[in-house]
Structure formats: structure tokens, C-alpha cells
Amino acid sequence: MAQAVEDWYKQMPIITRTYLTAAIVTTVGCSLDIISPFNLCLHPTLVIKNYQFWRLITNFLFFRKMDLDFLFHMFFLARYCKLLEENSFRGRTADFFYMLLFGATFLTGTVLVGGMIPYLSESFAKIIFLSNSLTLMMVYVWSKQNPFIHMSFLGLFTFTAAYLPWVLLGFSVFVGASAWVDLLGMIAGHAYYFLEDVYPRMTGRRPLKTPSFIKALFADDVVVVAQPLRFAAPQVEEVHQD
């Protein structure tokens, strides 16, 4: 059993393995009181005035309590982050990293700006960890790429992958989590999908082209595939895939 888990872990692509490891270590460390969640949360005042820039990263690593909601998010992080990195972004690790960077920047900017809007500032001020949002963003992007795949939720009912983010949103509300957090992830995912897939088809321009300095960090990607993969409509046979 231990060998099977080790093999499964080693077979994960680099970004998925790194993010999953950091998330589990951080959350377990906070649960054991080794790390204080206050030192990880997104706190605009401390980031700007005290130069605590690490908070811009660490708030994506803590998944709050180690409960049923935590286990589900770890499962979805491991599954859909891995599916994206191995399939849609196969051989394009730099592009996948840039997608996560875009999502993290979008989510952080939305929370910061929302905190300055009257009547909304109180709701946004409560969002100090965006780990769940980034996870749901990846699920949303995957669902847009594979909308016709049939799925089952805990064996209770079946649906197509296009509705997966909404099913997870409903589950989060059911277990008492904030709907705002998941909605932000869905908005970030749709923003990426529109800018990466819809807008280039409409205009012929690609605004989310990965910067060369990020590509330089993953230079080996060029050897893996000759052409980058793009979002595309599923083939006919995939429509009936179970």
C-alpha cells in the first residue's frame, strides 16, 4: 500500500506535486499549531506597509480545517490539477504555471479591489485565504475543456462535467463553507477561459501569451511537443465517454 502511494506521488507532474505537497504540509502544520494561520493570510495592510509579500503566496496554501471539505479539495486539487498539467498543458509546463499565476493574481486583485467597494467591502474583508478559489478555478477550466464527460457525485446523481463547478459550489454551501470563495474561483476560471480560448478565436490575438522569462524556467518543454495545445471542441466519440 505504501509503495502504491509512493509511486502515485512520484508519477505526478512537477507543479501538481509541488502545490499538493505545500498545501498538505501547510495545512497540517497549522492544525498542529506549528504554523500560525495569521502569518499566512492575505492581509493588505501588512503586505503593503510591512512588506510581508509572502502572504501573496501563502494564502493559497492553507485550506483551513482538516475536515471533509479539506479532503474533497485535496482530492480535486490532486485530480484536476494533474489532469490539466498532463493533458491540456502536456509539454507546456510554463503555460500551466502562467495559468496558475494569472489565477492567483486575478483572485488577489479582485479581493483587494472588492475590499474598497462600499456595501461589498465587509464580505471581501472576510476572504483571507484563496486556496479553495484557486482549486475551483482549475476545476472550472477543466470542465470547460471537457463539458460532455459524464460524472457521478458520490453515486447520488449523474451530470456532465460542464456542471461540475456548480455541483462543488452546492456541496461547499452544504458543508457550511463560503459560497463567495468558490464563486471567485469560477469567475477567475471563466476569465482565463475567455482570454485564452474565446477571445483569440474572435480577434486572432492571444492576450495571455506566456512571457519568455517564464518559458526560460521550463526550457525543456520545447522538446516535448512541437505545437502548443489549445482549447478545442470535443470529438464526437468523447461526447459519450463515461
# chains A, B, ... in the order shown; residues from 1 in each chain; ligands from 1
$ select_by_dssp --residues "stretch 1-239 of chain A" --states "strand (DSSP E)" --output "PyMOL selection string"
chain A and resi 150-153+157-160
$ closest_atom_pairs --of "stretch 45-71 of chain A" --to "stretch 162-184 of chain A" --cutoff "10 Å" --atoms "only C-alpha atoms" --output "Markdown table"
| residue | atom | partner | partner_atom | distance |
| --- | --- | --- | --- | --- |
| A:Asp67 | CA | A:Val175 | CA | 9.9 |
| A:Leu68 | CA | A:Val175 | CA | 8.3 |
| A:Asp69 | CA | A:Val175 | CA | 7.1 |
$ closest_atom_pairs --of "stretch 56-154 of chain A" --to "stretch 32-48 of chain A" --cutoff "8 Å" --atoms "only C-alpha atoms" --output "CSV"
residue,atom,partner,partner_atom,distance
A:Leu56,CA,A:Leu42,CA,6.3
A:Thr58,CA,A:Leu40,CA,5.1
A:Asn59,CA,A:Cys41,CA,4.8
A:Phe62,CA,A:Pro37,CA,7.6
A:Leu112,CA,A:Pro44,CA,7.2
A:Ile128,CA,A:Leu42,CA,4.8
A:Phe129,CA,A:Cys41,CA,5.7
$ residues_around --residues "A:Leu217" --least-positions-apart "5" --cutoff "12 Å" --atoms "only C-alpha atoms" --output "PyMOL selection string"
chain A and resi 92-95+97-98+210-212+222
$ closest_residue --among "A:Thr203, A:Met138, A:Ser143, A:Thr26" --to "A:Glu85" --atoms "only C-alpha atoms"
A:Met138
$ closest_atom_pairs --of "stretch 127-228 of chain A" --to "stretch 81-84 of chain A" --cutoff "9 Å" --atoms "only C-alpha atoms" --output "Markdown table"
| residue | atom | partner | partner_atom | distance |
| --- | --- | --- | --- | --- |
| A:Thr135 | CA | A:Cys81 | CA | 8.0 |
| A:Met138 | CA | A:Cys81 | CA | 6.3 |
| A:Val139 | CA | A:Cys81 | CA | 7.8 |
| A:Val141 | CA | A:Leu84 | CA | 8.5 |
| A:Trp142 | CA | A:Leu84 | CA | 6.6 |
$ residues_around --residues "A:Glu86" --least-positions-apart "2" --cutoff "12 Å" --atoms "only C-alpha atoms" --output "PyMOL selection string"
chain A and resi 11-17+78-84+88-93+96+142+224+229
$ residues_around --residues "A:Arg205" --least-positions-apart "6" --cutoff "12 Å" --atoms "only C-alpha atoms" --output "ChimeraX atom specification"
/A:195-199
$ decode --residues "stretch 102-115 of chain A" --atoms "all heavy atoms" --output "PDB file, in the first residue's frame"
ATOM      1  N   PHE A 102      -1.791  33.655 -13.328  1.00  0.00           N
ATOM      2  CA  PHE A 102      -2.899  34.530 -13.715  1.00  0.00           C
ATOM      3  C   PHE A 102      -4.048  34.391 -12.713  1.00  0.00           C
ATOM      4  O   PHE A 102      -4.615  35.388 -12.262  1.00  0.00           O
ATOM      5  CB  PHE A 102      -3.395  34.178 -15.117  1.00  0.00           C
ATOM      6  CG  PHE A 102      -4.706  34.831 -15.468  1.00  0.00           C
ATOM      7  CD1 PHE A 102      -4.741  36.129 -15.963  1.00  0.00           C
ATOM      8  CD2 PHE A 102      -5.915  34.148 -15.291  1.00  0.00           C
ATOM      9  CE1 PHE A 102      -5.958  36.740 -16.286  1.00  0.00           C
ATOM     10  CE2 PHE A 102      -7.120  34.752 -15.610  1.00  0.00           C
ATOM     11  CZ  PHE A 102      -7.142  36.040 -16.107  1.00  0.00           C
ATOM     12  N   GLY A 103      -4.400  33.146 -12.362  1.00  0.00           N
ATOM     13  CA  GLY A 103      -5.495  32.922 -11.432  1.00  0.00           C
ATOM     14  C   GLY A 103      -5.223  33.532 -10.073  1.00  0.00           C
ATOM     15  O   GLY A 103      -6.098  34.182  -9.489  1.00  0.00           O
ATOM     16  N   ALA A 104      -4.011  33.341  -9.557  1.00  0.00           N
ATOM     17  CA  ALA A 104      -3.663  33.891  -8.256  1.00  0.00           C
ATOM     18  C   ALA A 104      -3.698  35.414  -8.275  1.00  0.00           C
ATOM     19  O   ALA A 104      -4.200  36.053  -7.335  1.00  0.00           O
ATOM     20  CB  ALA A 104      -2.273  33.396  -7.839  1.00  0.00           C
ATOM     21  N   THR A 105      -3.188  36.008  -9.350  1.00  0.00           N
ATOM     22  CA  THR A 105      -3.191  37.474  -9.465  1.00  0.00           C
ATOM     23  C   THR A 105      -4.608  38.001  -9.597  1.00  0.00           C
ATOM     24  O   THR A 105      -4.969  39.012  -8.966  1.00  0.00           O
ATOM     25  CB  THR A 105      -2.354  37.904 -10.688  1.00  0.00           C
ATOM     26  OG1 THR A 105      -1.028  37.371 -10.572  1.00  0.00           O
ATOM     27  CG2 THR A 105      -2.284  39.416 -10.790  1.00  0.00           C
ATOM     28  N   PHE A 106      -5.426  37.351 -10.409  1.00  0.00           N
ATOM     29  CA  PHE A 106      -6.815  37.765 -10.605  1.00  0.00           C
ATOM     30  C   PHE A 106      -7.579  37.706  -9.286  1.00  0.00           C
ATOM     31  O   PHE A 106      -8.304  38.643  -8.926  1.00  0.00           O
ATOM     32  CB  PHE A 106      -7.478  36.879 -11.647  1.00  0.00           C
ATOM     33  CG  PHE A 106      -8.900  37.251 -11.969  1.00  0.00           C
ATOM     34  CD1 PHE A 106      -9.184  38.083 -13.042  1.00  0.00           C
ATOM     35  CD2 PHE A 106      -9.954  36.772 -11.209  1.00  0.00           C
ATOM     36  CE1 PHE A 106     -10.494  38.436 -13.338  1.00  0.00           C
ATOM     37  CE2 PHE A 106     -11.263  37.111 -11.491  1.00  0.00           C
ATOM     38  CZ  PHE A 106     -11.537  37.948 -12.558  1.00  0.00           C
ATOM     39  N   LEU A 107      -7.430  36.606  -8.560  1.00  0.00           N
ATOM     40  CA  LEU A 107      -8.156  36.432  -7.301  1.00  0.00           C
ATOM     41  C   LEU A 107      -7.704  37.448  -6.257  1.00  0.00           C
ATOM     42  O   LEU A 107      -8.535  38.071  -5.580  1.00  0.00           O
ATOM     43  CB  LEU A 107      -7.937  35.012  -6.773  1.00  0.00           C
ATOM     44  CG  LEU A 107      -8.596  33.893  -7.585  1.00  0.00           C
ATOM     45  CD1 LEU A 107      -8.077  32.531  -7.137  1.00  0.00           C
ATOM     46  CD2 LEU A 107     -10.112  33.959  -7.452  1.00  0.00           C
ATOM     47  N   THR A 108      -6.396  37.642  -6.143  1.00  0.00           N
ATOM     48  CA  THR A 108      -5.876  38.604  -5.175  1.00  0.00           C
ATOM     49  C   THR A 108      -6.344  40.017  -5.500  1.00  0.00           C
ATOM     50  O   THR A 108      -6.796  40.755  -4.618  1.00  0.00           O
ATOM     51  CB  THR A 108      -4.337  38.569  -5.145  1.00  0.00           C
ATOM     52  OG1 THR A 108      -3.901  37.239  -4.821  1.00  0.00           O
ATOM     53  CG2 THR A 108      -3.794  39.538  -4.119  1.00  0.00           C
ATOM     54  N   GLY A 109      -6.253  40.400  -6.787  1.00  0.00           N
ATOM     55  CA  GLY A 109      -6.698  41.726  -7.197  1.00  0.00           C
ATOM     56  C   GLY A 109      -8.178  41.940  -6.953  1.00  0.00           C
ATOM     57  O   GLY A 109      -8.605  43.019  -6.522  1.00  0.00           O
ATOM     58  N   THR A 110      -8.988  40.899  -7.220  1.00  0.00           N
ATOM     59  CA  THR A 110     -10.429  41.011  -7.010  1.00  0.00           C
ATOM     60  C   THR A 110     -10.763  41.247  -5.544  1.00  0.00           C
ATOM     61  O   THR A 110     -11.607  42.090  -5.204  1.00  0.00           O
ATOM     62  CB  THR A 110     -11.145  39.736  -7.500  1.00  0.00           C
ATOM     63  OG1 THR A 110     -10.879  39.559  -8.891  1.00  0.00           O
ATOM     64  CG2 THR A 110     -12.654  39.847  -7.296  1.00  0.00           C
ATOM     65  N   VAL A 111     -10.100  40.514  -4.661  1.00  0.00           N
ATOM     66  CA  VAL A 111     -10.349  40.675  -3.224  1.00  0.00           C
ATOM     67  C   VAL A 111      -9.913  42.057  -2.743  1.00  0.00           C
ATOM     68  O   VAL A 111     -10.623  42.719  -1.971  1.00  0.00           O
ATOM     69  CB  VAL A 111      -9.626  39.570  -2.431  1.00  0.00           C
ATOM     70  CG1 VAL A 111      -9.673  39.859  -0.935  1.00  0.00           C
ATOM     71  CG2 VAL A 111     -10.263  38.224  -2.715  1.00  0.00           C
ATOM     72  N   LEU A 112      -8.759  42.512  -3.214  1.00  0.00           N
ATOM     73  CA  LEU A 112      -8.259  43.824  -2.791  1.00  0.00           C
ATOM     74  C   LEU A 112      -9.156  44.953  -3.286  1.00  0.00           C
ATOM     75  O   LEU A 112      -9.487  45.880  -2.538  1.00  0.00           O
ATOM     76  CB  LEU A 112      -6.828  44.024  -3.293  1.00  0.00           C
ATOM     77  CG  LEU A 112      -5.773  43.082  -2.703  1.00  0.00           C
ATOM     78  CD1 LEU A 112      -4.396  43.403  -3.272  1.00  0.00           C
ATOM     79  CD2 LEU A 112      -5.748  43.181  -1.182  1.00  0.00           C
ATOM     80  N   VAL A 113      -9.554  44.889  -4.537  1.00  0.00           N
ATOM     81  CA  VAL A 113     -10.441  45.922  -5.088  1.00  0.00           C
ATOM     82  C   VAL A 113     -11.828  45.834  -4.450  1.00  0.00           C
ATOM     83  O   VAL A 113     -12.428  46.860  -4.102  1.00  0.00           O
ATOM     84  CB  VAL A 113     -10.544  45.781  -6.623  1.00  0.00           C
ATOM     85  CG1 VAL A 113     -11.607  46.737  -7.176  1.00  0.00           C
ATOM     86  CG2 VAL A 113      -9.205  46.062  -7.279  1.00  0.00           C
ATOM     87  N   GLY A 114     -12.330  44.613  -4.287  1.00  0.00           N
ATOM     88  CA  GLY A 114     -13.638  44.440  -3.669  1.00  0.00           C
ATOM     89  C   GLY A 114     -13.682  44.970  -2.259  1.00  0.00           C
ATOM     90  O   GLY A 114     -14.724  45.444  -1.796  1.00  0.00           O
ATOM     91  N   GLY A 115     -12.552  44.931  -1.562  1.00  0.00           N
ATOM     92  CA  GLY A 115     -12.498  45.452  -0.201  1.00  0.00           C
ATOM     93  C   GLY A 115     -12.612  46.952  -0.116  1.00  0.00           C
ATOM     94  O   GLY A 115     -12.804  47.507   0.984  1.00  0.00           O
TER      95      GLY A 115
END
